[in-house]
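Text of the file data.cif, holding mmCIF, C-alpha atoms and all ligand atoms:
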data_upload
loop_
_atom_site.label_atom_id
_atom_site.label_comp_id
_atom_site.auth_asym_id
_atom_site.auth_seq_id
_atom_site.Cartn_x
_atom_site.Cartn_y
_atom_site.Cartn_z
CA MET A 1 18.53 9.63 -11.21
CA ASP A 2 14.98 9.91 -12.57
CA VAL A 3 12.01 9.88 -10.21
CA LEU A 4 11.47 6.13 -10.54
CA GLU A 5 15.11 5.40 -9.68
CA ILE A 6 14.84 7.75 -6.70
CA ALA A 7 11.65 6.05 -5.47
CA VAL A 8 13.27 2.61 -5.72
CA SER A 9 16.48 3.70 -4.06
CA LEU A 10 14.71 5.44 -1.15
CA ALA A 11 12.36 2.50 -0.55
CA GLN A 12 15.29 0.08 -0.51
CA GLU A 13 17.42 2.20 1.77
CA ALA A 14 14.59 2.77 4.26
CA GLY A 15 13.56 -0.90 4.07
CA GLY A 16 17.12 -1.87 4.98
CA LEU A 17 16.83 0.30 8.07
CA LEU A 18 13.56 -1.42 9.05
CA ARG A 19 15.15 -4.85 8.60
CA GLU A 20 18.18 -3.92 10.71
CA ARG A 21 15.97 -2.72 13.57
CA LEU A 22 13.41 -5.52 13.49
CA ASP A 23 15.01 -7.73 16.13
CA ALA A 24 16.28 -4.93 18.37
CA PRO A 25 14.21 -3.64 21.30
CA ARG A 26 11.72 -1.17 19.83
CA ASP A 27 9.83 1.81 21.19
CA ILE A 28 6.17 1.13 20.31
CA GLN A 29 3.50 3.76 20.98
CA GLU A 30 -0.21 4.15 20.21
CA LYS A 31 -1.04 7.24 18.11
CA HIS A 32 -4.72 6.44 18.65
CA ALA A 33 -6.33 3.30 20.04
CA ARG A 34 -4.64 0.33 18.28
CA ASP A 35 -2.96 2.66 15.73
CA LEU A 36 0.73 2.08 16.36
CA VAL A 37 3.90 3.98 15.60
CA THR A 38 7.42 2.80 16.36
CA ASP A 39 10.81 4.45 16.47
CA ALA A 40 11.48 2.59 13.19
CA ASP A 41 8.57 4.38 11.41
CA ARG A 42 10.06 7.72 12.45
CA ALA A 43 13.65 6.82 11.57
CA SER A 44 12.60 5.49 8.17
CA GLU A 45 10.64 8.65 7.38
CA ALA A 46 13.49 10.89 8.57
CA LEU A 47 15.86 9.03 6.26
CA ILE A 48 13.56 9.38 3.22
CA VAL A 49 12.69 13.03 3.88
CA GLY A 50 16.39 13.89 4.38
CA ARG A 51 17.31 12.24 1.07
CA LEU A 52 14.48 14.04 -0.74
CA HIS A 53 15.64 17.39 0.62
CA GLU A 54 19.04 16.65 -0.98
CA LEU A 55 17.79 15.12 -4.24
CA ARG A 56 14.55 17.06 -4.94
CA PRO A 57 14.80 20.23 -2.80
CA GLN A 58 11.91 21.97 -4.57
CA SER A 59 9.37 19.17 -4.21
CA SER A 60 6.55 18.90 -1.69
CA ILE A 61 6.38 15.88 0.61
CA LEU A 62 3.43 14.15 2.25
CA GLY A 63 4.67 11.67 4.84
CA GLU A 64 2.58 9.66 7.29
CA GLU A 65 4.62 10.69 10.31
CA THR A 66 5.73 14.23 9.43
CA GLY A 67 2.72 15.44 7.43
CA VAL A 68 3.06 18.06 4.71
CA THR A 69 6.27 19.84 3.67
CA ASN A 70 5.46 22.46 1.04
CA GLY A 71 7.79 22.84 -1.94
CA SER A 72 7.95 25.31 -4.77
CA ASN A 73 7.12 23.15 -7.81
CA ASP A 74 4.27 20.79 -8.79
CA GLU A 75 6.07 17.60 -7.71
CA ARG A 76 4.94 15.81 -4.56
CA TRP A 77 6.38 12.72 -2.87
CA ILE A 78 3.92 10.56 -0.92
CA ILE A 79 5.58 8.33 1.64
CA ASP A 80 4.64 5.57 4.01
CA PRO A 81 7.91 4.85 5.82
CA LEU A 82 6.51 1.60 7.28
CA ASP A 83 3.27 0.14 5.99
CA GLY A 84 2.20 -2.70 8.24
CA THR A 85 3.34 -1.21 11.54
CA THR A 86 1.27 -3.64 13.62
CA ASN A 87 2.92 -6.56 11.79
CA TYR A 88 6.32 -4.96 12.39
CA ALA A 89 5.60 -4.48 16.08
CA HIS A 90 4.85 -8.21 16.36
CA ARG A 91 7.76 -9.18 14.08
CA TYR A 92 5.37 -10.66 11.51
CA PRO A 93 7.49 -10.12 8.41
CA VAL A 94 4.78 -8.63 6.19
CA PHE A 95 5.57 -4.93 6.02
CA CYS A 96 7.08 -2.55 3.50
CA VAL A 97 8.13 0.97 2.60
CA SER A 98 6.00 2.81 0.03
CA VAL A 99 7.32 5.79 -1.95
CA ALA A 100 5.33 7.51 -4.71
CA CYS A 101 5.95 10.57 -6.84
CA GLU A 102 3.18 12.74 -8.26
CA GLN A 103 3.71 15.49 -10.85
CA ALA A 104 0.95 18.02 -11.58
CA GLY A 105 -1.46 15.81 -9.63
CA GLN A 106 -0.65 12.64 -11.58
CA LEU A 107 1.12 9.59 -10.13
CA VAL A 108 4.27 9.10 -12.21
CA ALA A 109 6.42 6.71 -10.16
CA GLY A 110 5.98 4.28 -7.29
CA ALA A 111 8.13 1.81 -5.37
CA ILE A 112 7.24 -0.66 -2.64
CA TYR A 113 10.01 -2.56 -0.87
CA ALA A 114 9.33 -5.48 1.45
CA PRO A 115 12.69 -6.13 3.09
CA MET A 116 11.91 -9.49 4.72
CA LEU A 117 10.50 -10.85 1.46
CA ASN A 118 13.37 -9.29 -0.48
CA GLU A 119 10.91 -7.87 -3.00
CA ILE A 120 11.04 -4.49 -4.69
CA PHE A 121 7.97 -3.56 -6.73
CA ALA A 122 8.17 -0.54 -9.00
CA ALA A 123 6.26 1.25 -11.73
CA GLY A 124 6.60 4.37 -13.82
CA LEU A 125 3.66 5.92 -15.62
CA GLY A 126 3.49 4.31 -19.07
CA ARG A 127 6.57 2.21 -18.31
CA GLY A 128 5.01 -0.96 -16.88
CA ALA A 129 5.44 -2.58 -13.48
CA THR A 130 8.21 -4.80 -12.17
CA ARG A 131 9.07 -7.10 -9.25
CA ASN A 132 12.79 -7.36 -8.59
CA GLY A 133 13.38 -5.88 -12.04
CA GLN A 134 11.21 -8.36 -13.94
CA PRO A 135 7.94 -7.28 -15.62
CA ILE A 136 4.77 -8.29 -13.77
CA THR A 137 1.11 -8.53 -14.75
CA VAL A 138 -2.11 -9.12 -12.83
CA ALA A 139 -3.63 -12.62 -12.73
CA LYS A 140 -6.10 -13.91 -15.34
CA THR A 141 -8.58 -15.32 -12.79
CA ALA A 142 -12.09 -14.85 -14.20
CA GLU A 143 -14.36 -16.09 -11.40
CA VAL A 144 -14.70 -15.04 -7.79
CA ARG A 145 -14.85 -18.66 -6.63
CA SER A 146 -11.31 -19.18 -8.02
CA ALA A 147 -9.99 -15.92 -6.61
CA LEU A 148 -7.66 -15.31 -3.66
CA VAL A 149 -8.80 -11.93 -2.37
CA CYS A 150 -7.51 -9.70 0.40
CA THR A 151 -8.89 -6.94 2.58
CA GLY A 152 -7.93 -4.86 5.59
CA PHE A 153 -9.59 -3.29 8.63
CA LEU A 154 -8.82 0.16 9.91
CA PRO A 155 -8.01 0.06 13.64
CA GLY A 156 -11.20 0.66 15.61
CA HIS A 157 -13.45 0.70 12.52
CA GLY A 158 -13.59 -3.00 11.70
CA GLU A 159 -17.39 -3.40 11.79
CA ARG A 160 -17.86 -1.48 8.57
CA ASN A 161 -16.08 -4.16 6.58
CA MET A 162 -17.33 -7.24 8.45
CA GLN A 163 -20.23 -8.10 6.12
CA ASN A 164 -17.96 -7.78 3.10
CA PHE A 165 -15.44 -10.05 4.78
CA VAL A 166 -18.13 -12.67 5.45
CA ARG A 167 -19.50 -12.48 1.89
CA ALA A 168 -16.06 -12.84 0.35
CA SER A 169 -15.21 -15.70 2.73
CA CYS A 170 -18.32 -17.55 1.52
CA GLU A 171 -17.87 -16.87 -2.21
CA ALA A 172 -14.16 -16.52 -3.01
CA GLN A 173 -11.61 -19.32 -2.95
CA ALA A 174 -10.10 -17.70 0.15
CA VAL A 175 -9.67 -14.35 1.87
CA ARG A 176 -6.49 -12.96 3.41
CA ARG A 177 -6.08 -10.03 5.80
CA ASP A 178 -2.40 -9.29 5.70
CA GLY A 179 -2.13 -5.86 7.34
CA SER A 180 -0.14 -3.89 4.77
CA ALA A 181 -2.28 -2.19 2.14
CA ALA A 182 0.72 -1.23 0.01
CA LEU A 183 1.99 -4.81 -0.11
CA ASP A 184 -1.55 -6.10 -0.71
CA LEU A 185 -1.70 -3.87 -3.80
CA ALA A 186 1.70 -5.11 -4.94
CA SER A 187 0.36 -8.65 -4.55
CA VAL A 188 -2.57 -7.81 -6.85
CA ALA A 189 -0.12 -6.33 -9.36
CA CYS A 190 1.97 -9.51 -9.55
CA GLY A 191 -1.03 -11.85 -9.60
CA ARG A 192 -0.75 -13.35 -6.11
CA PHE A 193 -4.04 -11.77 -5.09
CA ASP A 194 -6.88 -11.36 -7.57
CA ALA A 195 -8.49 -8.49 -5.68
CA PHE A 196 -7.94 -6.23 -2.67
CA TRP A 197 -10.37 -3.80 -1.07
CA GLU A 198 -10.39 -1.58 2.00
CA PHE A 199 -12.11 1.52 3.38
CA ASP A 200 -10.59 4.81 4.53
CA LEU A 201 -6.99 4.23 3.50
CA LYS A 202 -4.74 7.28 3.43
CA PRO A 203 -2.81 8.53 0.37
CA TRP A 204 0.50 7.19 1.71
CA ASP A 205 -0.94 3.67 2.14
CA VAL A 206 -1.91 3.38 -1.52
CA ALA A 207 -0.26 5.95 -3.84
CA ALA A 208 2.62 3.74 -5.02
CA GLY A 209 0.52 0.56 -5.02
CA VAL A 210 -2.23 2.02 -7.20
CA LEU A 211 0.26 3.02 -9.91
CA ILE A 212 1.92 -0.41 -9.73
CA VAL A 213 -1.46 -2.19 -10.08
CA ARG A 214 -2.46 -0.02 -13.04
CA GLU A 215 0.87 -0.45 -14.79
CA ALA A 216 0.54 -4.23 -14.28
CA GLY A 217 -2.79 -4.19 -16.16
CA GLY A 218 -5.11 -4.01 -13.14
CA VAL A 219 -7.92 -1.59 -12.37
CA VAL A 220 -8.54 0.51 -9.27
CA ALA A 221 -12.01 1.87 -8.44
CA THR A 222 -14.04 2.84 -5.41
CA LEU A 223 -16.43 0.33 -3.84
CA GLU A 224 -19.24 2.34 -5.45
CA GLY A 225 -17.67 1.52 -8.83
CA ASP A 226 -16.56 5.10 -9.45
CA ALA A 227 -13.15 6.20 -10.68
CA TRP A 228 -10.67 6.09 -7.82
CA GLN A 229 -8.63 9.13 -6.89
CA LEU A 230 -6.19 9.89 -4.08
CA GLY A 231 -8.21 10.49 -0.91
CA ALA A 232 -11.20 8.34 -2.00
CA ALA A 233 -13.06 6.75 0.93
CA SER A 234 -12.76 3.21 -0.44
CA LEU A 235 -10.61 1.26 -2.85
CA LEU A 236 -11.09 -1.93 -4.87
CA ALA A 237 -8.10 -3.14 -6.91
CA THR A 238 -8.64 -6.08 -9.23
CA ASN A 239 -7.21 -7.79 -12.27
CA SER A 240 -9.94 -5.89 -14.20
CA THR A 241 -11.97 -9.04 -15.16
CA LEU A 242 -13.05 -9.39 -11.54
CA GLN A 243 -14.00 -5.76 -11.00
CA GLN A 244 -17.74 -6.11 -11.69
CA PRO A 245 -18.09 -9.53 -9.98
CA MET A 246 -16.30 -8.19 -6.89
CA LEU A 247 -18.40 -5.01 -6.84
CA ARG A 248 -21.55 -7.15 -7.02
CA LEU A 249 -20.31 -9.49 -4.32
CA LEU A 250 -19.44 -6.65 -1.95
CA ARG A 251 -22.82 -4.97 -2.54
CA ASP A 252 -25.19 -7.93 -2.43
CA PRO A 253 -26.91 -8.77 0.84
CA LEU A 254 -25.88 -12.04 2.53
P1 LIG B 1 0.13 1.45 8.57
O1 LIG B 1 0.70 0.16 8.98
O2 LIG B 1 1.06 2.30 7.80
O3 LIG B 1 -0.57 2.19 9.68
C1 LIG B 1 -4.16 -2.27 7.40
O4 LIG B 1 -5.23 -2.81 6.77
C2 LIG B 1 -3.73 -1.05 6.64
O5 LIG B 1 -4.36 0.10 7.22
C3 LIG B 1 -2.25 -0.82 6.69
O6 LIG B 1 -1.82 -0.44 5.42
C4 LIG B 1 -2.10 0.31 7.71
O7 LIG B 1 -1.01 1.14 7.46
C5 LIG B 1 -3.37 1.07 7.46
N1 LIG B 1 -3.74 1.92 8.59
C6 LIG B 1 -3.57 1.67 9.89
N2 LIG B 1 -4.03 2.68 10.64
C7 LIG B 1 -4.50 3.59 9.77
C8 LIG B 1 -5.10 4.87 9.92
N3 LIG B 1 -5.34 5.39 11.13
N4 LIG B 1 -5.47 5.53 8.81
C9 LIG B 1 -5.25 4.99 7.59
N5 LIG B 1 -4.67 3.81 7.38
C10 LIG B 1 -4.29 3.11 8.45
CA CA B 2 2.81 3.65 8.17
#
Please express the file's structure as structure tokens.
Amino acid sequence: MDVLEIAVSLAQEAGGLLRERLDAPRDIQEKHARDLVTDADRASEALIVGRLHELRPQSSILGEETGVTNGSNDERWIIDPLDGTTNYAHRYPVFCVSVACEQAGQLVAGAIYAPMLNEIFAAGLGRGATRNGQPITVAKTAEVRSALVCTGFLPGHGERNMQNFVRASCEAQAVRRDGSAALDLASVACGRFDAFWEFDLKPWDVAAGVLIVREAGGVVATLEGDAWQLGAASLLATNSTLQQPMLRLLRDPL
């Protein structure tokens, strides 16, 4: 299996586990105020990490729940075993597994699986992006007033994004706040959303989604308009045409 096939297979297997456990009684804890973790997050990560130890024993791993596992080569897997944990805890079916592979510091493969939507998004560097095996591209929307845009709020740090949320609500066709950054990026990649932005996301929230957006013809930048890189403090993903209009909108005073 190549790295893209591995990413897809791990995301699907872990997503199946999340789906199976969704209706069972769950153990839900707060890592920090309003930042949840469930037994399903941990089981999903254990499954993925175990498989990677078998399939890619020399690689490093960065997982949301287990942190860093150092390997001996320049390959690193970046995993969110359950993106959208708050949704999952409430049985709102918008959540996913995100698996990305980086080689020599470059994202080369990414997969996002949303089990309740039965959607697998995938991309390989230079190989395009797909949804359920079919090629996808970003939307052609050219004006903010025709755009469906999406954002998110980090638990406990919502104020920082409130003005942006108000501006976009006044100017765009509509704004969504769906609670899974990885799936929000996948939705930009397949043209459901025209733009997505958020502050302070972690590498595991976005690594796979950024590659999928880029391979679908979209553009990812920071909210300052700079080149985005893993660990950046903000992220704006658009269909490219809307990048400058969205940057202006999110900067302009009300
Ligand atoms: P999670 O469900 O994996 O925690 C919500 O807008 C997005 O923010 C989700 O992708 C969510 O991912 C993420 N998120 C929640 N808490 C976070 C934290 N403490 N740091 C970074 N991202 C977080
Ligand atoms: Ca998570």
Open item on the list: Would you compute the distance between atom CA of A:Thr241 and atom CA of A:Pro135? Give it in Å to one decimal.
Closed with: 20.0 Å
- [ ] Counting only C-alpha atoms, figure out which residue out of A:Gln103, A:Thr66, A:Gln134, A:Gln173 gets nearest to A:Trp204.
- [x] A:Thr66
Task: Test item: residues lying within 7 Å of ligand LIG 1 (chain B) with all atoms listed in the file, as number ranges by chain - done: A: 35-36, 80, 82-86, 151-155, 179-182, 200-202, 205
Task: For A:Arg56: contacts at 12 Å, only C-alpha atoms, fewer than 6 positions along chain excluded, given as a count of residues only - done: 16
Task: Residue contacts of A:Leu4 (7 Å, all atoms listed in the file) excluding same-chain residues fewer than 3 positions away, as a ChimeraX atom specification - done: /A:7-8,109-110,124
Enclose stretch 194-210 of chain A, meaning all of its atoms listed in the file, in a box aligned along x, y and z, pad it by 6 Å on each side, and list the centre and edge lengths in Å to one decimal, as JSON.
{"center_x": -4.7, "center_y": -1.4, "center_z": -1.5, "size_x": 26.7, "size_y": 31.9, "size_z": 24.1}
Open item on the list: Need the shell around A:Leu247: protein/DNA/RNA residues with any atom at most 10 Å away, counting only C-alpha atoms. Skip same-chain ones fewer than 6 positions apart. Format as an NGL selection string?
Closed with: :A and (197 or 221-225 or 236)
Task: Counting only C-alpha atoms, the option among A:Gln106, A:Thr141, A:Gln163, A:Thr38 closest to A:Gly191 - done: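 Selected residue with least distance to A:Gly191: A:Thr141.
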Task: Separation of atom CA of A:Ile120 from atom CA of A:Val188, in Å and rounded to one decimal - done: 14.2 Å
TODO: Pick out the closest residue to A:Arg214 from this set: A:Ala24, A:Ile136, A:Ala46, A:Ala172. Count all atoms listed in the file.
DONE: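 Checking each candidate against A:Arg214, we get A:Ile136 as the closest.
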- [ ] Could you please give me, as a list in words, the residues of protein, DNA or RNA lying at most 6 Å from (-19.2, -4.4, -0.9) in the coordinate frame of the file, considering only C-alpha atoms?
- [x] Asn164, Leu250 and Arg251 of chain A
Open item on the list: Would you pick out the contacts of A:Ala123 at 7 Å or less, using all atoms listed in the file, so that residues sharing its chain but fewer than 6 positions from it are not included, and give the list as a ChimeraX atom specification?
Closed with: /A:109-111,129-130,211-212,215
Task: Neighbour list for A:Glu20 as a ChimeraX atom specification, cut-off 10 Å, all atoms listed in the file, skip fewer than 4 positions in-chain - done: /A:14-16,24,40,115
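Distance-wise, atom CA of A:Met162 and atom CA of A:Glu198 end up 11.0 Å apart.
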Task: Pick from A:Ile78, A:Ala114, A:Ala89, A:Leu55 nearest to A:Gln12, counting all atoms listed in the file - done: A:Ala114
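Distance check against ligand CA 2 (chain B) using only C-alpha atoms and all ligand atoms: of A:Gln29, A:Asp23, A:Glu54, A:Cys96, the minimum falls on A:Cys96.
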Task: Proximity to ligand CA 2 (chain B) - best of A:Leu22, A:Gly105, A:Val37, A:Arg51, all atoms listed in the file - done: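 For ligand CA 2 (chain B), the nearest of the candidates is A:Val37.
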Hey, could you patch up stretch 38-49 of chain A with N, CA, C and O atoms and hand it over as a PDB file, keeping the file's coordinate frame?
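To be explicit, this is the file written out as out_23.pdb:
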ATOM      1  N   THR A  38       6.193   3.229  15.684  1.00  0.00           N
ATOM      2  CA  THR A  38       7.420   2.800  16.360  1.00  0.00           C
ATOM      3  C   THR A  38       8.542   3.777  16.036  1.00  0.00           C
ATOM      4  O   THR A  38       8.424   4.600  15.127  1.00  0.00           O
ATOM      5  N   ASP A  39       9.630   3.633  16.775  1.00  0.00           N
ATOM      6  CA  ASP A  39      10.810   4.450  16.470  1.00  0.00           C
ATOM      7  C   ASP A  39      11.290   4.161  15.045  1.00  0.00           C
ATOM      8  O   ASP A  39      11.848   5.030  14.376  1.00  0.00           O
ATOM      9  N   ALA A  40      11.033   2.944  14.548  1.00  0.00           N
ATOM     10  CA  ALA A  40      11.480   2.590  13.190  1.00  0.00           C
ATOM     11  C   ALA A  40      10.681   3.363  12.135  1.00  0.00           C
ATOM     12  O   ALA A  40      11.246   3.781  11.119  1.00  0.00           O
ATOM     13  N   ASP A  41       9.358   3.558  12.358  1.00  0.00           N
ATOM     14  CA  ASP A  41       8.570   4.380  11.410  1.00  0.00           C
ATOM     15  C   ASP A  41       9.209   5.757  11.281  1.00  0.00           C
ATOM     16  O   ASP A  41       9.383   6.282  10.180  1.00  0.00           O
ATOM     17  N   ARG A  42       9.556   6.328  12.437  1.00  0.00           N
ATOM     18  CA  ARG A  42      10.060   7.720  12.450  1.00  0.00           C
ATOM     19  C   ARG A  42      11.448   7.785  11.822  1.00  0.00           C
ATOM     20  O   ARG A  42      11.745   8.703  11.059  1.00  0.00           O
ATOM     21  N   ALA A  43      12.292   6.807  12.136  1.00  0.00           N
ATOM     22  CA  ALA A  43      13.650   6.820  11.570  1.00  0.00           C
ATOM     23  C   ALA A  43      13.605   6.620  10.065  1.00  0.00           C
ATOM     24  O   ALA A  43      14.349   7.260   9.308  1.00  0.00           O
ATOM     25  N   SER A  44      12.724   5.744   9.611  1.00  0.00           N
ATOM     26  CA  SER A  44      12.600   5.490   8.170  1.00  0.00           C
ATOM     27  C   SER A  44      12.121   6.748   7.453  1.00  0.00           C
ATOM     28  O   SER A  44      12.651   7.121   6.399  1.00  0.00           O
ATOM     29  N   GLU A  45      11.130   7.423   8.033  1.00  0.00           N
ATOM     30  CA  GLU A  45      10.640   8.650   7.380  1.00  0.00           C
ATOM     31  C   GLU A  45      11.709   9.749   7.382  1.00  0.00           C
ATOM     32  O   GLU A  45      11.883  10.457   6.389  1.00  0.00           O
ATOM     33  N   ALA A  46      12.434   9.863   8.501  1.00  0.00           N
ATOM     34  CA  ALA A  46      13.490  10.890   8.570  1.00  0.00           C
ATOM     35  C   ALA A  46      14.542  10.635   7.489  1.00  0.00           C
ATOM     36  O   ALA A  46      15.021  11.567   6.831  1.00  0.00           O
ATOM     37  N   LEU A  47      14.873   9.369   7.286  1.00  0.00           N
ATOM     38  CA  LEU A  47      15.860   9.030   6.260  1.00  0.00           C
ATOM     39  C   LEU A  47      15.352   9.454   4.869  1.00  0.00           C
ATOM     40  O   LEU A  47      16.055  10.117   4.098  1.00  0.00           O
ATOM     41  N   ILE A  48      14.109   9.089   4.560  1.00  0.00           N
ATOM     42  CA  ILE A  48      13.560   9.380   3.220  1.00  0.00           C
ATOM     43  C   ILE A  48      13.426  10.884   3.013  1.00  0.00           C
ATOM     44  O   ILE A  48      13.817  11.425   1.965  1.00  0.00           O
ATOM     45  N   VAL A  49      12.888  11.576   4.015  1.00  0.00           N
ATOM     46  CA  VAL A  49      12.690  13.030   3.880  1.00  0.00           C
ATOM     47  C   VAL A  49      14.045  13.732   3.715  1.00  0.00           C
ATOM     48  O   VAL A  49      14.209  14.625   2.877  1.00  0.00           O
TER      49      VAL A  49
END
